[in-house]
Amino acid sequence: MKNKIHIIEVENNETQSIEKIIQKIRENKIIYIKNKFHKNDDLLDPIHANGPAIILNSSGSISKPRKCIHHLNNLKLSAATSGQWLKDQGFELQNCLIFNTLPVNHISGLMPIIRSQSWGCDCINISPSLIKNTKELLLFTINSNKHKKHLITSLVPTQLKRLLAEKDGVNWLKIFDLIWVGGASITRDTAEKCIQEQIKLAPCYGATETAAMVTSLKPKEFLMGFDNVGEILSDTKIRINEKGLIEIKSARIGIEIKNSSKTESFKNKDGWWQTSDLGEINQIKNSLYLKFIGRIDNAFNSGGEIVFPEVIESRLNDFIMKENIPINKFNISKVPHKLWGNRIEIIVEFRELTNYKNIEKSLNLLKNFSQSWPKHEKPEKWIINNKNINTEKINYKFKK
């Protein structure tokens, strides 16, 4: 029997969206949680799956984002595993207070809700505006923790860097008992700053497909200088294949939803899922630790999100054809960025004899079109690459 998919559009981690998600879970529905600013999603057909289940967009697979469906049991197992990992370090789960700073259309923003319900503890959502106002954020957090509970949060590296740049941000980080950091590898400079300030980071590795983290480094190990993403968690097996890619075996790996709402397992016949990430496994004393090296495909990290150049290329090609924009070719270029890690620049080559008026009109169309893209996909610059055109003035005007 096919069941309907219920779409919940969210902007970040607003209370009304979370209430809708919880209600649909209680009603045993299948929910697709999507960013309301993401366009062209046509996942509407009923599927052969039972609720309660949640569908999220994923970036863990090779070449393009995919849609991943998890039954609630997978999410509960993830919460139980991370909870046991905390208990092994002396945390009392019911005495934890979780601060959620991430959007609920991402697995790292959804799991704090599931963990709080599984552990029997409170979860407080932090809005993007509040986390950027570090003085107010620090005061709010202190007032929220008058009963001296274990403070736990999850951050992406971009948020961590912003907070480290301000005194109140550093003081906010220092009051937490554990801060999971995922979405990208933190830089050595960031790690050294956190060690210097005695900030209890717990670098971790996971994906939407695995219902969040499958490894995590203990804060005390991070402060000792361990340079990896931690021990393999108890419900998971990890190996490195002949290509150097990380493969994962776990009971909580989700299922891919293909076109026309057909489903297909991410795992092979032996139960292993091959990621697009390169890694290595090292034994330290009696435990196995994972070191994340990087991605094998063209995708890259920007602010904790994965950018797929092929997806942007296809989107741009369709728009250029639709609007009849006089462009011969374009190139999507990854450029280093201090805060985001990486950003993109798009280098365009206009057809010969295209005049300045049409170039400016075309660039305005492209710039306006890209405003609706997710933040991590928005170009840092549009650059003209035509030898016969004096582009200095136009490039300056349209660099942002």
# chains A, B, ... in the order shown; residues from 1 in each chain; ligands from 1

$ residues_around --residues "Cys121 in chain A" --least-positions-apart "3" --cutoff "6 Å" --atoms "only C-alpha atoms" --output "list in words"
Gln94, Cys96 and Ser116 of chain A

$ write_last_selection --atoms "N, CA, C and O atoms" --output "JSON list (two decimals), in the first residue's frame"
[["chain", "number", "residue", "atom", "x", "y", "z"],
["A", 94, "GLN", "N", 19.04, 12.57, 31.40],
["A", 94, "GLN", "CA", 17.89, 13.39, 31.80],
["A", 94, "GLN", "C", 18.31, 14.76, 32.33],
["A", 94, "GLN", "O", 17.49, 15.67, 32.41],
["A", 96, "CYS", "N", 20.61, 16.57, 30.84],
["A", 96, "CYS", "CA", 21.21, 17.32, 29.73],
["A", 96, "CYS", "C", 20.27, 18.45, 29.29],
["A", 96, "CYS", "O", 19.04, 18.33, 29.41],
["A", 116, "SER", "N", 16.30, 14.74, 22.55],
["A", 116, "SER", "CA", 15.68, 15.26, 23.77],
["A", 116, "SER", "C", 14.49, 14.40, 24.19],
["A", 116, "SER", "O", 14.28, 14.16, 25.38]]

$ select_by_dssp --residues "range 29-157 of chain A" --states "strand (DSSP E)" --output "PyMOL selection string"
chain A and resi 30-35+53-58+66-71+96-100+122-125+150-155

$ write_last_selection --atoms "C-alpha atoms" --output "PDB file, in the first residue's frame"
ATOM      1  CA  ILE A  30       5.575  10.228   6.296  1.00  0.00           C
ATOM      2  CA  ILE A  31       7.022  13.745   6.342  1.00  0.00           C
ATOM      3  CA  TYR A  32       9.268  15.491   3.832  1.00  0.00           C
ATOM      4  CA  ILE A  33      11.018  18.336   5.671  1.00  0.00           C
ATOM      5  CA  LYS A  34      12.326  20.840   3.136  1.00  0.00           C
ATOM      6  CA  ASN A  35      13.806  24.301   3.112  1.00  0.00           C
ATOM      7  CA  ALA A  53       9.078   8.354   8.736  1.00  0.00           C
ATOM      8  CA  ILE A  54      11.009  11.430   7.705  1.00  0.00           C
ATOM      9  CA  ILE A  55      12.496  12.404   4.335  1.00  0.00           C
ATOM     10  CA  LEU A  56      15.469  14.752   4.114  1.00  0.00           C
ATOM     11  CA  ASN A  57      17.740  15.944   1.330  1.00  0.00           C
ATOM     12  CA  SER A  58      21.164  14.382   1.608  1.00  0.00           C
ATOM     13  CA  ARG A  66      19.615  12.620  -2.961  1.00  0.00           C
ATOM     14  CA  LYS A  67      16.451  12.175  -0.953  1.00  0.00           C
ATOM     15  CA  CYS A  68      16.755   9.889   2.040  1.00  0.00           C
ATOM     16  CA  ILE A  69      13.896   8.381   4.037  1.00  0.00           C
ATOM     17  CA  HIS A  70      14.319   7.222   7.623  1.00  0.00           C
ATOM     18  CA  HIS A  71      11.769   5.381   9.687  1.00  0.00           C
ATOM     19  CA  CYS A  96      21.210  17.323  29.731  1.00  0.00           C
ATOM     20  CA  LEU A  97      20.073  20.595  28.188  1.00  0.00           C
ATOM     21  CA  ILE A  98      20.396  20.647  24.398  1.00  0.00           C
ATOM     22  CA  PHE A  99      20.772  23.895  22.464  1.00  0.00           C
ATOM     23  CA  ASN A 100      19.806  23.458  18.798  1.00  0.00           C
ATOM     24  CA  ASP A 122      14.939  19.654  27.371  1.00  0.00           C
ATOM     25  CA  CYS A 123      15.866  21.154  24.012  1.00  0.00           C
ATOM     26  CA  ILE A 124      16.046  24.901  23.347  1.00  0.00           C
ATOM     27  CA  ASN A 125      16.139  26.249  19.801  1.00  0.00           C
ATOM     28  CA  HIS A 150      24.945  19.354  31.164  1.00  0.00           C
ATOM     29  CA  LEU A 151      24.988  21.819  28.256  1.00  0.00           C
ATOM     30  CA  ILE A 152      25.226  20.215  24.809  1.00  0.00           C
ATOM     31  CA  THR A 153      25.047  21.699  21.315  1.00  0.00           C
ATOM     32  CA  SER A 154      26.008  20.996  17.690  1.00  0.00           C
ATOM     33  CA  LEU A 155      27.630  23.514  15.359  1.00  0.00           C
TER      34      LEU A 155
END

$ closest_residue --among "A:Thr101, A:Asn317, A:Ser234, A:Asn143" --to "Thr81 in chain A" --atoms "only C-alpha atoms"
A:Ser234

$ residues_around --residues "Lys200 in chain A" --least-positions-apart "5" --cutoff "7 Å" --atoms "only C-alpha atoms" --output "NGL selection string"
:A and (176-179 or 219)

$ write_last_selection --atoms "all heavy atoms" --output "CSV table (one decimal), in the first residue's frame"
chain,number,residue,atom,x,y,z
A,176,PHE,N,29.9,25.2,27.6
A,176,PHE,CA,29.3,23.9,27.2
A,176,PHE,C,30.1,22.8,27.6
A,176,PHE,O,31.4,22.8,27.6
A,176,PHE,CB,29.1,23.9,25.7
A,176,PHE,CG,27.8,24.6,25.2
A,176,PHE,CD1,27.8,26.0,25.0
A,176,PHE,CD2,26.6,23.9,25.1
A,176,PHE,CE1,26.7,26.7,24.7
A,176,PHE,CE2,25.5,24.6,24.7
A,176,PHE,CZ,25.5,26.0,24.5
A,177,ASP,N,29.5,21.7,28.0
A,177,ASP,CA,30.1,20.5,28.4
A,177,ASP,C,30.6,19.6,27.2
A,177,ASP,O,31.5,18.8,27.3
A,177,ASP,CB,29.2,19.6,29.3
A,177,ASP,CG,28.9,20.3,30.6
A,177,ASP,OD1,29.8,20.4,31.5
A,177,ASP,OD2,27.8,20.8,30.7
A,178,LEU,N,29.9,19.9,26.1
A,178,LEU,CA,30.2,19.1,24.8
A,178,LEU,C,29.6,19.9,23.6
A,178,LEU,O,28.4,20.3,23.7
A,178,LEU,CB,29.6,17.7,24.9
A,178,LEU,CG,29.9,16.8,23.7
A,178,LEU,CD1,30.3,15.4,24.1
A,178,LEU,CD2,28.8,16.7,22.7
A,179,ILE,N,30.4,20.0,22.6
A,179,ILE,CA,30.0,20.7,21.4
A,179,ILE,C,30.3,19.8,20.2
A,179,ILE,O,31.5,19.7,19.8
A,179,ILE,CB,30.6,22.1,21.2
A,179,ILE,CG1,30.3,23.0,22.3
A,179,ILE,CG2,30.2,22.7,19.8
A,179,ILE,CD1,31.1,24.3,22.3
A,219,PRO,N,35.6,15.0,24.1
A,219,PRO,CA,36.2,16.3,24.3
A,219,PRO,C,37.5,16.3,25.0
A,219,PRO,O,38.4,17.1,24.6
A,219,PRO,CB,35.1,17.0,25.2
A,219,PRO,CG,33.9,16.4,24.9
A,219,PRO,CD,34.2,15.0,24.6

$ residues_around --residues "range 158-169 of chain A" --least-positions-apart "5" --cutoff "10 Å" --atoms "only C-alpha atoms" --output "JSON, numbers by chain"
{"A": [101, 102, 128, 131, 132, 133, 134, 135, 136, 137, 138, 139, 174, 179, 181, 183, 184, 186, 187, 190, 193, 194, 197, 302, 303, 304, 305, 338, 339, 340, 341]}

$ residues_around --residues "Lys36 in chain A" --least-positions-apart "5" --cutoff "12 Å" --atoms "only C-alpha atoms" --output "list in words"
Ile7, Ile8, Glu9, Val10, Glu11, Asn12, Ser17, Asp41, Pro103, Val104, Asn105, Ser372, Trp373 and Pro374 of chain A

$ atom_distance --atom1 "CA of Met1 in chain A" --atom2 "CA of His48 in chain A"
5.9 Å

$ residues_around --residues "range 352-354 of chain A" --least-positions-apart "3" --cutoff "8 Å" --atoms "only C-alpha atoms" --output "list in words"
Pro326, Asn358 and Ile359 of chain A

$ select_by_dssp --residues "range 213-289 of chain A" --states "alpha helix (DSSP H)" --output "ChimeraX atom specification"
/A:219-223

$ residues_around --residues "Val311 in chain A" --least-positions-apart "2" --cutoff "12 Å" --atoms "only C-alpha atoms" --output "list in words"
Ser59, Ile62, Ser63, Lys64, Pro65, Arg66, Asn298, Ala299, Ile306, Val307, Phe308, Pro309, Glu313, Ser314, Arg315, Leu316, Asn317, Asp318, Ile332, Trp373 and Glu377 of chain A

$ write_last_selection --atoms "N, CA, C and O atoms" --output "compact mmCIF listing (two decimals), in the first residue's frame"
# COMPACT_ATOMS: atom_id res chain seq x y z
N SER A 59 23.49 14.94 1.29
CA SER A 59 24.68 15.29 0.51
C SER A 59 25.78 14.26 0.68
O SER A 59 26.91 14.48 0.30
N ILE A 62 27.57 10.36 -3.92
CA ILE A 62 28.45 10.91 -4.95
C ILE A 62 27.69 11.69 -6.01
O ILE A 62 26.61 11.28 -6.45
N SER A 63 28.24 12.83 -6.42
CA SER A 63 27.87 13.62 -7.60
C SER A 63 26.63 14.50 -7.46
O SER A 63 26.55 15.54 -8.08
N LYS A 64 25.64 14.09 -6.69
CA LYS A 64 24.44 14.91 -6.60
C LYS A 64 23.71 14.65 -5.28
O LYS A 64 23.88 13.59 -4.68
N PRO A 65 22.91 15.61 -4.83
CA PRO A 65 22.12 15.38 -3.61
C PRO A 65 21.04 14.35 -3.86
O PRO A 65 20.57 14.18 -4.99
N ARG A 66 20.65 13.65 -2.83
CA ARG A 66 19.62 12.62 -2.96
C ARG A 66 18.60 12.80 -1.84
O ARG A 66 18.85 13.50 -0.87
N ASN A 298 33.48 16.00 -7.24
CA ASN A 298 33.71 17.44 -7.40
C ASN A 298 33.04 18.28 -6.33
O ASN A 298 33.22 19.49 -6.29
N ALA A 299 32.21 17.65 -5.52
CA ALA A 299 31.49 18.40 -4.49
C ALA A 299 32.47 18.93 -3.44
O ALA A 299 33.55 18.38 -3.23
N ILE A 306 27.10 20.95 1.56
CA ILE A 306 27.81 20.43 0.41
C ILE A 306 27.31 21.10 -0.86
O ILE A 306 26.10 21.16 -1.12
N VAL A 307 28.24 21.63 -1.65
CA VAL A 307 27.93 22.24 -2.94
C VAL A 307 28.24 21.21 -4.03
O VAL A 307 29.35 20.67 -4.09
N PHE A 308 27.25 20.95 -4.89
CA PHE A 308 27.42 20.05 -6.02
C PHE A 308 27.49 20.90 -7.29
O PHE A 308 26.47 21.38 -7.78
N PRO A 309 28.70 21.11 -7.87
CA PRO A 309 28.81 21.94 -9.07
C PRO A 309 27.95 21.47 -10.23
O PRO A 309 27.42 22.29 -10.98
N GLU A 313 25.43 23.74 -12.40
CA GLU A 313 25.64 23.80 -13.85
C GLU A 313 24.36 23.50 -14.61
O GLU A 313 23.99 24.21 -15.55
N SER A 314 23.65 22.46 -14.22
CA SER A 314 22.39 22.10 -14.88
C SER A 314 21.35 23.20 -14.71
O SER A 314 20.64 23.56 -15.66
N ARG A 315 21.26 23.74 -13.51
CA ARG A 315 20.30 24.80 -13.21
C ARG A 315 20.58 26.04 -14.07
O ARG A 315 19.66 26.66 -14.64
N LEU A 316 21.86 26.40 -14.20
CA LEU A 316 22.24 27.57 -14.99
C LEU A 316 22.00 27.35 -16.48
O LEU A 316 21.53 28.24 -17.18
N ASN A 317 22.34 26.17 -16.96
CA ASN A 317 22.12 25.87 -18.38
C ASN A 317 20.65 26.02 -18.76
O ASN A 317 20.32 26.60 -19.80
N ASP A 318 19.77 25.50 -17.92
CA ASP A 318 18.33 25.61 -18.19
C ASP A 318 17.90 27.07 -18.23
O ASP A 318 17.10 27.48 -19.09
N ILE A 332 32.25 27.01 -13.20
CA ILE A 332 32.01 27.16 -11.76
C ILE A 332 33.31 26.87 -11.04
O ILE A 332 33.85 25.77 -11.12
N TRP A 373 18.71 30.93 -4.65
CA TRP A 373 19.45 29.70 -4.36
C TRP A 373 19.75 29.62 -2.86
O TRP A 373 19.78 30.64 -2.16
N GLU A 377 25.15 28.05 -2.03
CA GLU A 377 25.31 27.94 -3.48
C GLU A 377 25.39 29.30 -4.18
O GLU A 377 25.70 29.37 -5.37

$ closest_residue --among "A:Leu93, A:Leu173, A:Ala80, A:Ile246" --to "Ile296 in chain A" --atoms "only C-alpha atoms"
A:Ile246

$ closest_residue --among "A:Asn386, A:Gln117, A:Ser265, A:Ser185" --to "Arg295 in chain A" --atoms "only C-alpha atoms"
A:Ser185
